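See structure below.
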Amino acid sequence: MTLDESTSESLFDRAKQVIPAGVNSPVRAFGSVGGTPPFIASASGALLTDADGHEYVDLVGSWGPMILGHANPRVVEAVREAAGRGLSFGAPQTGEVSIVEELVRRVRPLQKVRLVNSGTEATMSALRVARAATGRDVVVKFAGCYHGHVDALLAEAGSGVATFAMPGSAGVTEGTARDTIVLPYGDRDAVTSLFAERGGEIAAIITEAAPANMGVVTPPEHFNAFLAETAHAAGALLITDEVLTGFRASAEGYYGIDGPTAGGAGSTPAGGAGTADGAGSAPAGGSDWAPDLMTFGKVIGGGLPVGAFGGRADLMDLLAPLGPVYQAGTLSGNPLATAAGLATFAGLDDAAYAQLARTSSTLQSLVADALSTAGVPHVIQTAGTLFSVFFREQPVTTYDDAKDQDTAAFGRFFHALLEGGVYLPPSAFEAWFVSTAHDEQIVDRIAQVLPAAARAAAQ
Ligand code: PLP
């Protein structure tokens with residue numbers, strides 16, 4: 001049986017006439033799993049309803065922001081109330097002060113923060129600050145880490161770049177590509193020898209705090225602390241990208257898991273870190289380390305377009321008009337976005353993180369049981385409450401590992417779940433996202449469909 005998707009199909013046909021591939025972000029086109037993407041008409045709690053009236057349990061959550069579920073009444077009311085007071089001022093407003101105070105309170109390394117409109121803008125701006133601060137050009141990134149579609153950071157990026165097996169992007173100049181050095185994730189020796197050879201040219205290392213755009217890869221123990229130490233010894237900076245992990249992996253993002261353990265508001269990890277199938281263990285807090293700059297997005301806007309970058313005050317004060325680094329935005333600090341973000345933070349208390357951790361681990365067990373029963377090779381990896389499922393036997397530690405999985409089996413699993421009313425990320429390289437609206441009943445709905453989906457994957 002296949003679902004009647006005639007409305008979505010005709011919308012997709014219309015879209016393709018005027019929007020490249022019919023979508024405004026590549027992975028939405030279902031390119032790697034095939035078929036027509038359902039056009040979403042509405043969403044509430046853990047559920048999506050498409051234009052043909054089918055209901056799905058959503059495990060995408062708009063790729064991370066909807067941590068309290070869709071159309072959360074408190075968030076919607078806050079946005080409605082803010083909208084009544086005006087949509088954008090292009091001038092300072094209270095909400096942006098309040099939300100940045102919230103960020104600074106929750107994340108220890110943040111002394112000053114600036115708001116932007118997306119994660120891409122956040123990483124692009126952090127990079128600019130790092131280059132200005134050091135007077136150096138070169139940036140080091142890791143294969144499989146995605147930092148948005150910043151020219152300098154597209155080489156061997158994960159996410160959509162992985163989904164479509166692209167090495168990078170056309171349209172990035174040679175000069176830009178030359179200033180980006182890509183290393184295998186987790187490879188301390190590669191980092192050490194690069195810094196021995198070219199340390200004096202390197203402005204910054206940028207890394208996802210925990211990679212989650214090639215599927216979820218648990219960082220090796222103390223790896224981020226090692227990167228900070230290596231960068232600092234050479235006069236370079238460390239930028240940890242918490243656009244995806246921020247306020248999701250734990251209350252303090254991944255820094256709440258692998259940052260120093262003593263003190264710090266909200267630093268208690270809500271979930272451990274490791275591989276669900278038993279191979280991993282939670283890294284201890286390690287040395288007293290901190291990134292120089294951090295980037296955020298997704299959760300902090302509660303579903304509206306927001307990003308943020310921040311860190312050491314001396315670095316952030318390089319921004320215009322205090323300093324020489326230009327960075328600006330017509331809609332930055334938008335009152336609706338800050339209202340949505342603040343209302344989201346209001347719902348993110350210890351109980352919310354405890355629930356997210358429980359739901360995430362229940363779902364991991366259900367998926368592992370279903371796939372094991374059907375004899376489908378798989379490994380589930382976590383970073384706090386974040387997890388993803390790889391269709392291969394061995395743990396994934398690098399981008400090469402992540403690419404070496406049975407994407408066809410994933411495609412069959414994906415479509416069987418979709419038909420059964422469960423909407424997974426349409427790519428084998430993405431994390432699965434749960435929300436506080438994923439209650440027992442919702443998890444039961446997923447549990448009902450998993451055995452058949454696992455059998456489909458096994459075919
Ligand atoms: N950095 C990371 C780690 C991300 O996961 C993403 C998006 O998925 C970005 C940056 C880019 O954010 P945006 O899509 O808001 O530009």
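Ordering of the structure tokens sets the chain letters (A, B, ...); residue numbers start at 1 within each chain; ligands are numbered from 1 in the order shown.
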
Open item on the list: Considering only strand (DSSP E or B) as DSSP defines it on the backbone, what residues of stretch 53-268 of chain A qualify? List them as a PyMOL selection string.
Closed with: chain A and resi 55-58+70+112-116+138-142+180-183+202-208+237-241

Open item on the list: List as a ChimeraX atom specification the protein and nucleic acid residues lying within 10 Å of ligand 1, with only C-alpha atoms and all ligand atoms counted.
Closed with: /A:25,62-65,116-124,145-150,153,157-160,207-214,240-246,295-298,301,304-308,430-431

- [ ] Can you work out which one of A:Ala46, A:Arg105, A:Ala177, A:Ala409 has the shortest atom-to-atom distance to A:Val443, counting only C-alpha atoms?
- [x] A:Ala46

- [ ] Using only C-alpha atoms, determine which residues lie at most 7 Å from stretch 139-142 of chain A, disregarding the query and same-chain residues fewer than 5 positions distant; provide the list as a VMD selection string.
- [x] chain A and resid 179 to 185 202 to 207

Just to be explicit: take each residue in the selection above, keep N, CA and C atoms, and write the result as a PDB file, in the first residue's frame.
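Saved as selection23.pdb:
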```
ATOM      1  N   ASP A 179      42.384  28.254   1.958  1.00  0.00           N
ATOM      2  CA  ASP A 179      42.508  28.673   3.362  1.00  0.00           C
ATOM      3  C   ASP A 179      41.785  27.738   4.331  1.00  0.00           C
ATOM      4  N   THR A 180      41.171  26.688   3.801  1.00  0.00           N
ATOM      5  CA  THR A 180      40.481  25.721   4.671  1.00  0.00           C
ATOM      6  C   THR A 180      41.219  24.395   4.644  1.00  0.00           C
ATOM      7  N   ILE A 181      41.604  23.929   5.792  1.00  0.00           N
ATOM      8  CA  ILE A 181      42.264  22.624   5.857  1.00  0.00           C
ATOM      9  C   ILE A 181      41.305  21.658   6.543  1.00  0.00           C
ATOM     10  N   VAL A 182      41.098  20.519   5.853  1.00  0.00           N
ATOM     11  CA  VAL A 182      40.146  19.536   6.400  1.00  0.00           C
ATOM     12  C   VAL A 182      40.913  18.339   6.954  1.00  0.00           C
ATOM     13  N   LEU A 183      40.647  17.975   8.183  1.00  0.00           N
ATOM     14  CA  LEU A 183      41.312  16.829   8.812  1.00  0.00           C
ATOM     15  C   LEU A 183      40.270  15.765   9.160  1.00  0.00           C
ATOM     16  N   PRO A 184      40.723  14.513   9.285  1.00  0.00           N
ATOM     17  CA  PRO A 184      39.775  13.463   9.712  1.00  0.00           C
ATOM     18  C   PRO A 184      39.326  13.723  11.148  1.00  0.00           C
ATOM     19  N   TYR A 185      38.034  13.546  11.408  1.00  0.00           N
ATOM     20  CA  TYR A 185      37.518  13.821  12.751  1.00  0.00           C
ATOM     21  C   TYR A 185      38.179  12.895  13.787  1.00  0.00           C
ATOM     22  N   ILE A 202      47.482  29.446  11.260  1.00  0.00           N
ATOM     23  CA  ILE A 202      46.104  29.018  11.558  1.00  0.00           C
ATOM     24  C   ILE A 202      45.383  30.008  12.483  1.00  0.00           C
ATOM     25  N   ALA A 203      44.257  30.513  11.999  1.00  0.00           N
ATOM     26  CA  ALA A 203      43.435  31.425  12.808  1.00  0.00           C
ATOM     27  C   ALA A 203      42.625  30.641  13.827  1.00  0.00           C
ATOM     28  N   ALA A 204      42.021  29.550  13.377  1.00  0.00           N
ATOM     29  CA  ALA A 204      41.100  28.834  14.267  1.00  0.00           C
ATOM     30  C   ALA A 204      40.873  27.406  13.815  1.00  0.00           C
ATOM     31  N   ILE A 205      40.563  26.587  14.797  1.00  0.00           N
ATOM     32  CA  ILE A 205      39.943  25.282  14.526  1.00  0.00           C
ATOM     33  C   ILE A 205      38.459  25.486  14.773  1.00  0.00           C
ATOM     34  N   ILE A 206      37.643  25.011  13.832  1.00  0.00           N
ATOM     35  CA  ILE A 206      36.194  24.991  14.104  1.00  0.00           C
ATOM     36  C   ILE A 206      35.748  23.535  14.103  1.00  0.00           C
ATOM     37  N   THR A 207      34.973  23.178  15.096  1.00  0.00           N
ATOM     38  CA  THR A 207      34.471  21.801  15.160  1.00  0.00           C
ATOM     39  C   THR A 207      33.048  21.807  15.687  1.00  0.00           C
TER      40      THR A 207
END
```

TODO: Using only C-alpha atoms, determine which residues lie at most 8 Å from A:Leu418, disregarding the query and same-chain residues fewer than 5 positions distant; provide the list as a VMD selection string.
DONE: chain A and resid 56 423 to 424

TODO: Just the residues within 8 Å of A:Thr398, please, counting only C-alpha atoms, with nothing from its chain fewer than 4 positions along; format it as a PyMOL selection string.
DONE: chain A and resi 143-144+184-186+217+402

Convert the current residue selection to file output with C-alpha atoms, as a short mmCIF file (atom, residue, chain, number, x, y, z; two decimals), in the first residue's frame.
```cif
data_model
loop_
_atom_site.label_atom_id
_atom_site.label_comp_id
_atom_site.auth_asym_id
_atom_site.auth_seq_id
_atom_site.Cartn_x
_atom_site.Cartn_y
_atom_site.Cartn_z
CA ALA A 143 35.53 16.02 7.56
CA GLY A 144 31.86 15.33 8.18
CA PRO A 184 39.78 13.46 9.71
CA TYR A 185 37.52 13.82 12.75
CA GLY A 186 39.01 12.70 16.05
CA VAL A 217 29.59 10.77 16.43
CA ALA A 402 29.67 7.25 8.19
#
```

Open item on the list: Restricting the calculation to only C-alpha atoms: of A:Val434, A:Leu318, A:Ala454, A:Ala290, which residue gets closest to A:Ser125?
Closed with: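 Using only C-alpha atoms, the shortest distance to A:Ser125 belongs to A:Leu318.
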
Task: Polymer residues at most 12 Å from A:Tyr326, only C-alpha atoms, same-chain spacing of 3 or more positions, as a list in words - done: Met124, Ser125, Ala126, Arg128, Val129, Ala132, Met316, Asp317, Leu318, Leu319, Ala320, Pro321, Leu322, Gly323 and Gly329 of chain A

TODO: Work out how far atom CA of A:Thr382 is from atom CA of A:Thr218, in Å to one decimal.
DONE: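 Separating atom CA of A:Thr218 from atom CA of A:Thr382 is a distance of 6.2 Å.
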
- [ ] Quick one: pick out all helix (DSSP H, G or I) residues within stretch 268-440 of chain A from a backbone DSSP run and write them as number ranges by chain.
- [x] A: 298-301, 313-316, 335-347, 350-373, 399-403, 407-419, 440

TODO: Just the residues within 9 Å of A:Phe413, please, counting only C-alpha atoms, with nothing from its chain fewer than 3 positions along; format it as a list in words.
DONE: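 So the residues in contact are Ala408, Ala409, Phe410, Ala416, Leu417, Leu418, Leu450, Ala452, Ala453, Ala454, Arg455, Ala456, Ala457 and Ala458 of chain A.
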
File of the preceding selection, C-alpha atoms, as a PDB file, in the first residue's frame:
```
ATOM      1  CA  ALA A 408      19.518   1.494   0.600  1.00  0.00           C
ATOM      2  CA  ALA A 409      18.441  -0.324   3.777  1.00  0.00           C
ATOM      3  CA  PHE A 410      17.936   3.062   5.420  1.00  0.00           C
ATOM      4  CA  ALA A 416       8.107   1.878   5.696  1.00  0.00           C
ATOM      5  CA  LEU A 417       8.067   4.223   8.678  1.00  0.00           C
ATOM      6  CA  LEU A 418       6.625   7.054   6.602  1.00  0.00           C
ATOM      7  CA  LEU A 450       9.191  -0.268  13.925  1.00  0.00           C
ATOM      8  CA  ALA A 452       7.611  -3.841   9.962  1.00  0.00           C
ATOM      9  CA  ALA A 453      10.064  -1.080   9.045  1.00  0.00           C
ATOM     10  CA  ALA A 454      12.965  -3.172  10.305  1.00  0.00           C
ATOM     11  CA  ARG A 455      11.734  -6.123   8.219  1.00  0.00           C
ATOM     12  CA  ALA A 456      11.565  -3.816   5.187  1.00  0.00           C
ATOM     13  CA  ALA A 457      15.147  -2.706   5.840  1.00  0.00           C
ATOM     14  CA  ALA A 458      16.217  -6.359   5.978  1.00  0.00           C
TER      15      ALA A 458
END
```

TODO: For each of A:Val299, A:Val449, A:Ala133, A:Val27, take the minimum atom-to-atom distance to A:Ala251, counting only C-alpha atoms, then give the residue where this is smallest.
DONE: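 Closest residue, counting only C-alpha atoms: A:Val299.
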
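Considering only C-alpha atoms, the residue among A:Glu229, A:Asp151, A:Glu252, A:Asp13 positioned nearest to A:Phe345 is A:Glu252.
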
Open item on the list: Nearest residue to A:Ile446 out of A:Ala340, A:Glu221, A:Ala234, A:Asp58, using only C-alpha atoms?
Closed with: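 Of A:Ala340, A:Glu221, A:Ala234, A:Asp58, the one nearest A:Ile446, counting only C-alpha atoms, is A:Asp58.
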
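Of the residues listed (A:Thr407, A:Thr362, A:Thr7, A:Thr338), A:Thr338 shows the shortest atom-to-atom separation from A:Glu102; distances use only C-alpha atoms.
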